[in-house]
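Coordinates as given in model-v3.txt (compact mmCIF, N, CA and C atoms):
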# COMPACT_ATOMS: atom_id res chain seq x y z
N MET A 15 -14.16 -55.08 1.28
CA MET A 15 -13.68 -53.79 1.71
C MET A 15 -13.22 -53.84 3.17
N LEU A 16 -14.00 -54.52 4.00
CA LEU A 16 -13.66 -54.63 5.42
C LEU A 16 -12.34 -55.38 5.59
N GLU A 17 -12.13 -56.40 4.77
CA GLU A 17 -10.88 -57.16 4.83
C GLU A 17 -9.69 -56.28 4.43
N PHE A 18 -9.87 -55.45 3.40
CA PHE A 18 -8.81 -54.54 2.96
C PHE A 18 -8.47 -53.55 4.08
N LEU A 19 -9.50 -52.99 4.70
CA LEU A 19 -9.30 -52.02 5.77
C LEU A 19 -8.57 -52.66 6.94
N SER A 20 -8.97 -53.84 7.31
CA SER A 20 -8.32 -54.56 8.40
C SER A 20 -6.86 -54.85 8.07
N SER A 21 -6.61 -55.29 6.85
CA SER A 21 -5.24 -55.56 6.41
C SER A 21 -4.40 -54.28 6.40
N PHE A 22 -5.01 -53.19 5.94
CA PHE A 22 -4.31 -51.91 5.88
C PHE A 22 -3.92 -51.45 7.29
N ILE A 23 -4.83 -51.61 8.24
CA ILE A 23 -4.54 -51.24 9.63
C ILE A 23 -3.44 -52.14 10.19
N ASP A 24 -3.54 -53.44 9.94
CA ASP A 24 -2.52 -54.37 10.44
C ASP A 24 -1.13 -54.06 9.89
N ASN A 25 -1.05 -53.74 8.61
CA ASN A 25 0.25 -53.53 7.96
C ASN A 25 0.83 -52.13 8.19
N TYR A 26 -0.02 -51.14 8.29
CA TYR A 26 0.47 -49.76 8.38
C TYR A 26 -0.11 -49.00 9.57
N GLY A 27 -0.54 -49.71 10.58
CA GLY A 27 -1.22 -49.08 11.70
C GLY A 27 -0.42 -48.01 12.39
N TYR A 28 0.83 -48.32 12.75
CA TYR A 28 1.63 -47.35 13.47
C TYR A 28 2.00 -46.15 12.59
N LEU A 29 2.31 -46.40 11.34
CA LEU A 29 2.64 -45.31 10.42
C LEU A 29 1.42 -44.41 10.22
N ASN A 30 0.26 -45.02 9.99
CA ASN A 30 -0.97 -44.24 9.83
C ASN A 30 -1.26 -43.42 11.08
N LEU A 31 -1.04 -44.03 12.24
CA LEU A 31 -1.30 -43.33 13.49
C LEU A 31 -0.36 -42.13 13.65
N PHE A 32 0.90 -42.31 13.31
CA PHE A 32 1.85 -41.21 13.42
C PHE A 32 1.44 -40.05 12.51
N VAL A 33 1.14 -40.37 11.25
CA VAL A 33 0.77 -39.33 10.28
C VAL A 33 -0.52 -38.63 10.71
N LEU A 34 -1.52 -39.40 11.10
CA LEU A 34 -2.79 -38.80 11.50
C LEU A 34 -2.63 -37.96 12.77
N SER A 35 -1.85 -38.44 13.72
CA SER A 35 -1.61 -37.69 14.95
C SER A 35 -0.85 -36.40 14.67
N PHE A 36 0.11 -36.49 13.77
CA PHE A 36 0.85 -35.30 13.35
C PHE A 36 -0.10 -34.26 12.75
N LEU A 37 -0.89 -34.68 11.78
CA LEU A 37 -1.80 -33.76 11.10
C LEU A 37 -2.87 -33.22 12.04
N ALA A 38 -3.30 -34.03 12.99
CA ALA A 38 -4.34 -33.60 13.93
C ALA A 38 -3.85 -32.50 14.86
N SER A 39 -2.54 -32.36 15.01
CA SER A 39 -2.03 -31.32 15.91
C SER A 39 -1.67 -30.04 15.16
N THR A 40 -2.10 -29.98 13.92
CA THR A 40 -2.00 -28.73 13.16
C THR A 40 -3.41 -28.16 13.12
N VAL A 41 -3.63 -27.16 12.32
CA VAL A 41 -4.97 -26.57 12.26
C VAL A 41 -5.94 -27.37 11.39
N LEU A 42 -5.53 -28.51 10.88
CA LEU A 42 -6.44 -29.35 10.11
C LEU A 42 -7.47 -29.96 11.05
N PRO A 43 -8.71 -30.00 10.63
CA PRO A 43 -9.75 -30.53 11.52
C PRO A 43 -9.80 -32.06 11.51
N LEU A 44 -8.76 -32.66 12.04
CA LEU A 44 -8.67 -34.11 12.10
C LEU A 44 -8.55 -34.56 13.54
N GLY A 45 -8.87 -35.83 13.78
CA GLY A 45 -8.71 -36.41 15.09
C GLY A 45 -8.07 -37.77 14.96
N SER A 46 -7.28 -38.14 15.94
CA SER A 46 -6.59 -39.43 15.90
C SER A 46 -7.14 -40.43 16.91
N GLU A 47 -8.11 -39.99 17.69
CA GLU A 47 -8.62 -40.83 18.77
C GLU A 47 -9.24 -42.14 18.27
N ALA A 48 -10.00 -42.07 17.20
CA ALA A 48 -10.66 -43.27 16.68
C ALA A 48 -9.64 -44.31 16.24
N LEU A 49 -8.55 -43.87 15.63
CA LEU A 49 -7.52 -44.81 15.21
C LEU A 49 -6.80 -45.41 16.42
N VAL A 50 -6.59 -44.63 17.46
CA VAL A 50 -5.99 -45.16 18.70
C VAL A 50 -6.87 -46.30 19.22
N VAL A 51 -8.16 -46.06 19.31
CA VAL A 51 -9.09 -47.07 19.80
C VAL A 51 -9.08 -48.30 18.89
N ALA A 52 -9.14 -48.07 17.58
CA ALA A 52 -9.16 -49.19 16.62
C ALA A 52 -7.91 -50.05 16.73
N LEU A 53 -6.75 -49.42 16.85
CA LEU A 53 -5.50 -50.19 16.95
C LEU A 53 -5.45 -51.02 18.22
N ILE A 54 -5.91 -50.45 19.31
CA ILE A 54 -5.91 -51.22 20.57
C ILE A 54 -6.89 -52.38 20.47
N TYR A 55 -8.05 -52.15 19.88
CA TYR A 55 -9.01 -53.25 19.66
C TYR A 55 -8.43 -54.32 18.73
N GLN A 56 -7.58 -53.92 17.79
CA GLN A 56 -6.96 -54.87 16.86
C GLN A 56 -5.82 -55.65 17.50
N GLY A 57 -5.46 -55.32 18.74
CA GLY A 57 -4.42 -56.06 19.43
C GLY A 57 -3.05 -55.43 19.39
N PHE A 58 -2.95 -54.19 18.90
CA PHE A 58 -1.66 -53.50 18.90
C PHE A 58 -1.28 -53.19 20.35
N SER A 59 0.00 -53.08 20.59
CA SER A 59 0.51 -52.78 21.92
C SER A 59 0.01 -51.42 22.38
N PRO A 60 -0.74 -51.38 23.50
CA PRO A 60 -1.23 -50.08 23.97
C PRO A 60 -0.10 -49.08 24.25
N PHE A 61 1.00 -49.55 24.83
CA PHE A 61 2.11 -48.64 25.11
C PHE A 61 2.68 -48.05 23.83
N THR A 62 2.86 -48.88 22.82
CA THR A 62 3.41 -48.40 21.54
C THR A 62 2.42 -47.45 20.86
N VAL A 63 1.14 -47.79 20.92
CA VAL A 63 0.11 -46.91 20.35
C VAL A 63 0.17 -45.55 21.03
N ILE A 64 0.25 -45.54 22.36
CA ILE A 64 0.32 -44.28 23.11
C ILE A 64 1.54 -43.47 22.68
N MET A 65 2.67 -44.12 22.61
CA MET A 65 3.91 -43.40 22.28
C MET A 65 3.92 -42.88 20.84
N VAL A 66 3.46 -43.69 19.90
CA VAL A 66 3.43 -43.25 18.49
C VAL A 66 2.49 -42.06 18.33
N ALA A 67 1.31 -42.15 18.93
CA ALA A 67 0.35 -41.05 18.84
C ALA A 67 0.90 -39.80 19.52
N THR A 68 1.51 -39.98 20.69
CA THR A 68 2.07 -38.84 21.42
C THR A 68 3.17 -38.16 20.63
N VAL A 69 4.10 -38.94 20.11
CA VAL A 69 5.22 -38.36 19.36
C VAL A 69 4.72 -37.67 18.09
N GLY A 70 3.81 -38.31 17.36
CA GLY A 70 3.26 -37.68 16.15
C GLY A 70 2.56 -36.38 16.47
N ASN A 71 1.75 -36.37 17.50
CA ASN A 71 1.02 -35.17 17.89
C ASN A 71 1.96 -34.09 18.39
N TYR A 72 2.98 -34.49 19.13
CA TYR A 72 3.98 -33.55 19.64
C TYR A 72 4.76 -32.90 18.48
N VAL A 73 5.20 -33.70 17.52
CA VAL A 73 5.97 -33.17 16.39
C VAL A 73 5.11 -32.21 15.57
N GLY A 74 3.84 -32.53 15.40
CA GLY A 74 2.94 -31.60 14.71
C GLY A 74 2.83 -30.28 15.45
N SER A 75 2.75 -30.35 16.78
CA SER A 75 2.71 -29.13 17.59
C SER A 75 3.99 -28.33 17.47
N CYS A 76 5.12 -29.03 17.37
CA CYS A 76 6.40 -28.34 17.20
C CYS A 76 6.43 -27.56 15.89
N THR A 77 5.81 -28.11 14.87
CA THR A 77 5.73 -27.43 13.58
C THR A 77 4.94 -26.13 13.71
N THR A 78 3.82 -26.20 14.40
CA THR A 78 3.00 -25.01 14.61
C THR A 78 3.74 -23.99 15.48
N TYR A 79 4.42 -24.47 16.50
CA TYR A 79 5.24 -23.60 17.37
C TYR A 79 6.29 -22.87 16.53
N TYR A 80 6.97 -23.61 15.65
CA TYR A 80 8.01 -23.03 14.81
C TYR A 80 7.44 -21.93 13.92
N LEU A 81 6.28 -22.18 13.33
CA LEU A 81 5.66 -21.14 12.50
C LEU A 81 5.29 -19.93 13.34
N GLY A 82 4.88 -20.16 14.59
CA GLY A 82 4.61 -19.05 15.50
C GLY A 82 5.86 -18.24 15.78
N LEU A 83 7.00 -18.92 15.90
CA LEU A 83 8.27 -18.20 16.11
C LEU A 83 8.57 -17.25 14.96
N LYS A 84 8.12 -17.60 13.78
CA LYS A 84 8.39 -16.79 12.59
C LYS A 84 7.50 -15.56 12.50
N GLY A 85 6.46 -15.49 13.35
CA GLY A 85 5.63 -14.30 13.41
C GLY A 85 4.27 -14.44 12.74
N ARG A 86 3.44 -13.46 12.98
CA ARG A 86 2.06 -13.47 12.47
C ARG A 86 1.96 -13.57 10.95
N PRO A 87 2.81 -12.86 10.19
CA PRO A 87 2.68 -12.97 8.73
C PRO A 87 2.87 -14.41 8.23
N VAL A 88 3.80 -15.13 8.82
CA VAL A 88 4.02 -16.53 8.42
C VAL A 88 2.85 -17.39 8.84
N LEU A 89 2.36 -17.19 10.06
CA LEU A 89 1.18 -17.93 10.53
C LEU A 89 0.00 -17.71 9.61
N GLU A 90 -0.24 -16.46 9.28
CA GLU A 90 -1.38 -16.13 8.44
C GLU A 90 -1.22 -16.70 7.03
N LYS A 91 0.01 -16.75 6.55
CA LYS A 91 0.26 -17.28 5.20
C LYS A 91 0.05 -18.79 5.14
N TYR A 92 0.56 -19.52 6.14
CA TYR A 92 0.54 -20.98 6.07
C TYR A 92 -0.60 -21.65 6.84
N LEU A 93 -1.07 -21.03 7.91
CA LEU A 93 -2.07 -21.69 8.73
C LEU A 93 -3.41 -20.98 8.78
N SER A 94 -3.44 -19.71 8.51
CA SER A 94 -4.66 -18.91 8.53
C SER A 94 -5.49 -19.13 9.79
N PRO A 95 -4.90 -18.90 10.96
CA PRO A 95 -5.70 -19.08 12.18
C PRO A 95 -6.79 -18.02 12.25
N SER A 96 -7.92 -18.42 12.79
CA SER A 96 -8.97 -17.41 12.94
C SER A 96 -8.52 -16.41 14.00
N PRO A 97 -8.75 -15.14 13.77
CA PRO A 97 -8.35 -14.13 14.76
C PRO A 97 -8.99 -14.37 16.12
N GLU A 98 -10.20 -14.92 16.13
CA GLU A 98 -10.89 -15.18 17.39
C GLU A 98 -10.16 -16.25 18.20
N LYS A 99 -9.79 -17.36 17.55
CA LYS A 99 -9.09 -18.44 18.26
C LYS A 99 -7.73 -17.96 18.75
N LEU A 100 -7.04 -17.24 17.91
CA LEU A 100 -5.72 -16.74 18.29
C LEU A 100 -5.83 -15.77 19.47
N GLU A 101 -6.81 -14.89 19.42
CA GLU A 101 -7.00 -13.92 20.50
C GLU A 101 -7.40 -14.63 21.79
N LYS A 102 -8.29 -15.61 21.69
CA LYS A 102 -8.72 -16.38 22.87
C LYS A 102 -7.53 -17.12 23.48
N SER A 103 -6.71 -17.70 22.63
CA SER A 103 -5.54 -18.43 23.12
C SER A 103 -4.52 -17.49 23.74
N GLU A 104 -4.34 -16.31 23.16
CA GLU A 104 -3.42 -15.33 23.74
C GLU A 104 -3.88 -14.92 25.13
N LYS A 105 -5.19 -14.71 25.29
CA LYS A 105 -5.73 -14.35 26.60
C LYS A 105 -5.50 -15.47 27.61
N LEU A 106 -5.78 -16.71 27.21
CA LEU A 106 -5.54 -17.85 28.09
C LEU A 106 -4.07 -17.96 28.47
N PHE A 107 -3.22 -17.76 27.49
CA PHE A 107 -1.78 -17.88 27.71
C PHE A 107 -1.29 -16.80 28.67
N LYS A 108 -1.79 -15.59 28.50
CA LYS A 108 -1.40 -14.50 29.39
C LYS A 108 -1.96 -14.70 30.79
N LYS A 109 -3.17 -15.22 30.89
CA LYS A 109 -3.81 -15.40 32.20
C LYS A 109 -3.22 -16.57 32.98
N TYR A 110 -3.01 -17.71 32.32
CA TYR A 110 -2.60 -18.92 33.02
C TYR A 110 -1.14 -19.31 32.78
N GLY A 111 -0.47 -18.62 31.90
CA GLY A 111 0.94 -18.87 31.67
C GLY A 111 1.21 -20.12 30.85
N ILE A 112 2.43 -20.59 30.98
CA ILE A 112 2.89 -21.69 30.13
C ILE A 112 2.15 -23.00 30.40
N TYR A 113 1.48 -23.11 31.53
CA TYR A 113 0.79 -24.37 31.84
C TYR A 113 -0.42 -24.62 30.96
N THR A 114 -0.83 -23.60 30.20
CA THR A 114 -1.88 -23.83 29.22
C THR A 114 -1.41 -24.83 28.16
N LEU A 115 -0.10 -24.97 28.02
CA LEU A 115 0.43 -25.93 27.04
C LEU A 115 0.07 -27.37 27.37
N LEU A 116 -0.26 -27.65 28.61
CA LEU A 116 -0.72 -28.99 28.97
C LEU A 116 -2.05 -29.33 28.30
N PHE A 117 -2.73 -28.29 27.81
CA PHE A 117 -4.05 -28.47 27.22
C PHE A 117 -4.06 -28.21 25.71
N THR A 118 -2.92 -28.40 25.06
CA THR A 118 -2.87 -28.17 23.61
C THR A 118 -3.65 -29.24 22.84
N TRP A 119 -4.08 -30.27 23.51
CA TRP A 119 -4.89 -31.30 22.86
C TRP A 119 -6.36 -30.93 22.79
N VAL A 120 -6.77 -29.86 23.46
CA VAL A 120 -8.17 -29.46 23.50
C VAL A 120 -8.59 -28.90 22.13
N PRO A 121 -9.63 -29.47 21.53
CA PRO A 121 -10.09 -28.96 20.24
C PRO A 121 -10.51 -27.50 20.33
N GLY A 122 -10.23 -26.77 19.28
CA GLY A 122 -10.67 -25.39 19.20
C GLY A 122 -9.63 -24.37 19.61
N VAL A 123 -8.87 -24.64 20.66
CA VAL A 123 -7.87 -23.67 21.11
C VAL A 123 -6.47 -24.25 21.18
N GLY A 124 -6.36 -25.56 21.20
CA GLY A 124 -5.05 -26.19 21.40
C GLY A 124 -4.00 -25.81 20.38
N ASP A 125 -4.39 -25.83 19.11
CA ASP A 125 -3.42 -25.47 18.06
C ASP A 125 -3.02 -24.01 18.16
N ALA A 126 -3.98 -23.18 18.49
CA ALA A 126 -3.68 -21.76 18.64
C ALA A 126 -2.76 -21.50 19.83
N ILE A 127 -2.88 -22.31 20.88
CA ILE A 127 -1.98 -22.16 22.03
C ILE A 127 -0.54 -22.41 21.62
N THR A 128 -0.31 -23.41 20.77
CA THR A 128 1.06 -23.68 20.31
C THR A 128 1.57 -22.53 19.45
N MET A 129 0.67 -21.92 18.68
CA MET A 129 1.06 -20.74 17.89
C MET A 129 1.49 -19.60 18.81
N VAL A 130 0.69 -19.38 19.84
CA VAL A 130 0.98 -18.30 20.78
C VAL A 130 2.30 -18.55 21.50
N ALA A 131 2.57 -19.80 21.85
CA ALA A 131 3.85 -20.11 22.50
C ALA A 131 5.02 -19.72 21.59
N GLY A 132 4.87 -19.97 20.31
CA GLY A 132 5.90 -19.54 19.36
C GLY A 132 5.97 -18.04 19.23
N LEU A 133 4.80 -17.41 19.12
CA LEU A 133 4.77 -15.95 18.99
C LEU A 133 5.41 -15.25 20.18
N THR A 134 5.26 -15.82 21.38
CA THR A 134 5.83 -15.20 22.58
C THR A 134 7.28 -15.61 22.81
N GLN A 135 7.84 -16.38 21.88
CA GLN A 135 9.24 -16.80 21.96
C GLN A 135 9.52 -17.65 23.21
N LEU A 136 8.52 -18.43 23.63
CA LEU A 136 8.69 -19.31 24.78
C LEU A 136 9.86 -20.26 24.51
N PRO A 137 10.75 -20.46 25.48
CA PRO A 137 11.85 -21.40 25.25
C PRO A 137 11.34 -22.78 24.84
N PHE A 138 12.01 -23.36 23.86
CA PHE A 138 11.58 -24.64 23.29
C PHE A 138 11.56 -25.75 24.33
N ARG A 139 12.48 -25.73 25.25
CA ARG A 139 12.53 -26.79 26.27
C ARG A 139 11.25 -26.79 27.11
N SER A 140 10.84 -25.62 27.59
CA SER A 140 9.60 -25.52 28.38
C SER A 140 8.41 -25.96 27.53
N PHE A 141 8.36 -25.49 26.31
CA PHE A 141 7.30 -25.86 25.37
C PHE A 141 7.25 -27.38 25.23
N SER A 142 8.39 -27.99 24.98
CA SER A 142 8.45 -29.42 24.71
C SER A 142 7.97 -30.26 25.89
N ILE A 143 8.46 -29.94 27.06
CA ILE A 143 8.09 -30.73 28.23
C ILE A 143 6.59 -30.69 28.47
N LEU A 144 6.03 -29.50 28.48
CA LEU A 144 4.61 -29.36 28.79
C LEU A 144 3.70 -29.93 27.69
N VAL A 145 4.05 -29.68 26.45
CA VAL A 145 3.23 -30.21 25.36
C VAL A 145 3.30 -31.72 25.33
N PHE A 146 4.49 -32.29 25.47
CA PHE A 146 4.63 -33.75 25.44
C PHE A 146 3.83 -34.38 26.58
N LEU A 147 3.93 -33.82 27.78
CA LEU A 147 3.19 -34.36 28.93
C LEU A 147 1.68 -34.30 28.70
N GLY A 148 1.21 -33.18 28.17
CA GLY A 148 -0.22 -33.05 27.90
C GLY A 148 -0.71 -34.05 26.86
N LYS A 149 0.04 -34.20 25.80
CA LYS A 149 -0.34 -35.13 24.74
C LYS A 149 -0.29 -36.57 25.24
N PHE A 150 0.76 -36.90 26.00
CA PHE A 150 0.89 -38.24 26.55
C PHE A 150 -0.30 -38.55 27.47
N GLY A 151 -0.65 -37.61 28.34
CA GLY A 151 -1.77 -37.82 29.25
C GLY A 151 -3.06 -38.09 28.52
N ARG A 152 -3.27 -37.38 27.47
CA ARG A 152 -4.48 -37.57 26.66
C ARG A 152 -4.54 -38.97 26.06
N TYR A 153 -3.46 -39.37 25.40
CA TYR A 153 -3.47 -40.69 24.75
C TYR A 153 -3.45 -41.82 25.77
N PHE A 154 -2.81 -41.59 26.89
CA PHE A 154 -2.84 -42.60 27.96
C PHE A 154 -4.28 -42.80 28.43
N ALA A 155 -5.00 -41.72 28.65
CA ALA A 155 -6.39 -41.81 29.11
C ALA A 155 -7.26 -42.54 28.08
N ILE A 156 -7.08 -42.22 26.81
CA ILE A 156 -7.85 -42.88 25.75
C ILE A 156 -7.54 -44.38 25.73
N ALA A 157 -6.27 -44.72 25.78
CA ALA A 157 -5.87 -46.14 25.75
C ALA A 157 -6.38 -46.88 26.98
N TYR A 158 -6.26 -46.24 28.14
CA TYR A 158 -6.70 -46.88 29.38
C TYR A 158 -8.20 -47.13 29.34
N LEU A 159 -8.96 -46.12 28.93
CA LEU A 159 -10.41 -46.30 28.85
C LEU A 159 -10.81 -47.34 27.82
N THR A 160 -10.09 -47.38 26.72
CA THR A 160 -10.36 -48.40 25.69
C THR A 160 -10.12 -49.79 26.24
N ALA A 161 -8.99 -49.98 26.90
CA ALA A 161 -8.66 -51.29 27.48
C ALA A 161 -9.65 -51.65 28.59
N PHE A 162 -10.01 -50.67 29.40
CA PHE A 162 -10.93 -50.91 30.51
C PHE A 162 -12.29 -51.35 30.02
N PHE A 163 -12.81 -50.67 29.00
CA PHE A 163 -14.16 -50.99 28.51
C PHE A 163 -14.18 -52.16 27.54
N SER A 164 -13.04 -52.59 27.07
CA SER A 164 -13.03 -53.74 26.15
C SER A 164 -12.82 -55.05 26.88
N SER A 165 -12.52 -55.00 28.17
CA SER A 165 -12.30 -56.27 28.90
C SER A 165 -13.53 -56.75 29.60

Step by step, read the file and then write its structure as structure tokens.
Amino acid sequence: MLEFLSSFIDNYGYLNLFVLSFLASTVLPLGSEALVVALIYQGFSPFTVIMVATVGNYVGSCTTYYLGLKGRPVLEKYLSPSPEKLEKSEKLFKKYGIYTLLFTWVPGVGDAITMVAGLTQLPFRSFSILVFLGKFGRYFAIAYLTAFFSS
């Protein structure tokens, strides 16, 4: 079984990372950090791992943003955000502005922040820059710490 898992990671590591990172940036309770660490330990390029995870996570956030643009009925139909998380994220967004998007990777409120950005009709360019930077920073930190502690 361990050999199969190792072979699966070697053959489909980047694809698996993209899919998992994408899904983790929706309201699904998934995380991609463990796979980032595993791929770096397996000898995958840290830069490529960072970029694949960042792009996958960013694209997933764009999907949530798009559903937010469509309004609450669409969000409730497809994502069913808890009213508490959505309300908390709206308060954060109103209090701190668009820079809360740098923290869309934070569990519990990050996905709701992307929903709120869509609901408030935030321009996509501003959304993209801040979300991408936040996601990149997160994966860079994970990769750096992994490389640092593995040497």

Of A:Arg86, A:Tyr92, A:Leu144, A:Gly132, the one sitting nearest Thr114 (chain A) when using only N, CA and C atoms is A:Leu144

**Request:** Extract, using all atoms listed in the file, all DNA, RNA and protein residues at most 8 Å from region 161-165 of chain A, discarding same-chain residues fewer than 2 positions from it, and format them as a PyMOL selection string.
**Result:** chain A and resi 51+54-55+155-159

With distances taken over all atoms listed in the file, the candidate from A:Gly124, A:Leu115, A:Thr62, A:Thr78 nearest Val145 (chain A) is A:Leu115

- Query: When distances are computed from only N, CA and C atoms, which of A:Thr77, A:Leu89, A:Glu98, A:Gly148 shows the smallest separation from Leu116 (chain A)?
  - Reply: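 Of A:Thr77, A:Leu89, A:Glu98, A:Gly148, the one nearest Leu116 (chain A), counting only N, CA and C atoms, is A:Gly148.
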
Which residues come within 10 Å of Tyr79 (chain A), counting only C-alpha atoms, excluding same-chain residues fewer than 3 positions away, as a short mmCIF file (atom, residue, chain, number, x, y, z; two decimals) with N, CA and C atoms, in the frame of the given file?
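To be explicit, this is the file written out as out00.cif:
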data_model
loop_
_atom_site.label_atom_id
_atom_site.label_comp_id
_atom_site.auth_asym_id
_atom_site.auth_seq_id
_atom_site.Cartn_x
_atom_site.Cartn_y
_atom_site.Cartn_z
N THR A 40 -2.10 -29.98 13.92
CA THR A 40 -2.00 -28.73 13.16
C THR A 40 -3.41 -28.16 13.12
N VAL A 73 5.20 -33.70 17.52
CA VAL A 73 5.97 -33.17 16.39
C VAL A 73 5.11 -32.21 15.57
N GLY A 74 3.84 -32.53 15.40
CA GLY A 74 2.94 -31.60 14.71
C GLY A 74 2.83 -30.28 15.45
N SER A 75 2.75 -30.35 16.78
CA SER A 75 2.71 -29.13 17.59
C SER A 75 3.99 -28.33 17.47
N CYS A 76 5.12 -29.03 17.37
CA CYS A 76 6.40 -28.34 17.20
C CYS A 76 6.43 -27.56 15.89
N GLY A 82 4.88 -20.16 14.59
CA GLY A 82 4.61 -19.05 15.50
C GLY A 82 5.86 -18.24 15.78
N LEU A 83 7.00 -18.92 15.90
CA LEU A 83 8.27 -18.20 16.11
C LEU A 83 8.57 -17.25 14.96
N LYS A 84 8.12 -17.60 13.78
CA LYS A 84 8.39 -16.79 12.59
C LYS A 84 7.50 -15.56 12.50
N LEU A 89 2.36 -17.19 10.06
CA LEU A 89 1.18 -17.93 10.53
C LEU A 89 0.00 -17.71 9.61
N ASP A 125 -4.39 -25.83 19.11
CA ASP A 125 -3.42 -25.47 18.06
C ASP A 125 -3.02 -24.01 18.16
N ALA A 126 -3.98 -23.18 18.49
CA ALA A 126 -3.68 -21.76 18.64
C ALA A 126 -2.76 -21.50 19.83
N ILE A 127 -2.88 -22.31 20.88
CA ILE A 127 -1.98 -22.16 22.03
C ILE A 127 -0.54 -22.41 21.62
N THR A 128 -0.31 -23.41 20.77
CA THR A 128 1.06 -23.68 20.31
C THR A 128 1.57 -22.53 19.45
N MET A 129 0.67 -21.92 18.68
CA MET A 129 1.06 -20.74 17.89
C MET A 129 1.49 -19.60 18.81
N VAL A 130 0.69 -19.38 19.84
CA VAL A 130 0.98 -18.30 20.78
C VAL A 130 2.30 -18.55 21.50
N ALA A 131 2.57 -19.80 21.85
CA ALA A 131 3.85 -20.11 22.50
C ALA A 131 5.02 -19.72 21.59
N GLY A 132 4.87 -19.97 20.31
CA GLY A 132 5.90 -19.54 19.36
C GLY A 132 5.97 -18.04 19.23
N LEU A 133 4.80 -17.41 19.12
CA LEU A 133 4.77 -15.95 18.99
C LEU A 133 5.41 -15.25 20.18
N THR A 134 5.26 -15.82 21.38
CA THR A 134 5.83 -15.20 22.58
C THR A 134 7.28 -15.61 22.81
N GLN A 135 7.84 -16.38 21.88
CA GLN A 135 9.24 -16.80 21.96
C GLN A 135 9.52 -17.65 23.21
N LEU A 136 8.52 -18.43 23.63
CA LEU A 136 8.69 -19.31 24.78
C LEU A 136 9.86 -20.26 24.51
N PHE A 138 12.01 -23.36 23.86
CA PHE A 138 11.58 -24.64 23.29
C PHE A 138 11.56 -25.75 24.33
N PHE A 141 8.36 -25.49 26.31
CA PHE A 141 7.30 -25.86 25.37
C PHE A 141 7.25 -27.38 25.23
N SER A 142 8.39 -27.99 24.98
CA SER A 142 8.45 -29.42 24.71
C SER A 142 7.97 -30.26 25.89
#

Distance of atom C of Phe117 (chain A) from atom C of Tyr28 (chain A), expressed in Å to one decimal place: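 About the pair atom C of Tyr28 (chain A) and atom C of Phe117 (chain A): they are 23.0 Å apart.
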
Extending 5 Å beyond the listed atoms of region 133-145 of chain A on each side, what axis-aligned box results? I want centre and edge lengths in Å to one decimal, as lines of an AutoDock Vina configuration file.
center_x = 7.9
center_y = -23.5
center_z = 23.9
size_x = 19.3
size_y = 26.5
size_z = 19.8

Write down as an MDAnalysis selection string the residues of chain A whose backbone DSSP state falls under alpha helix (DSSP H). chainID A and resid 16:38 47:55 60:83 86:92 97:110 124:133 138:164
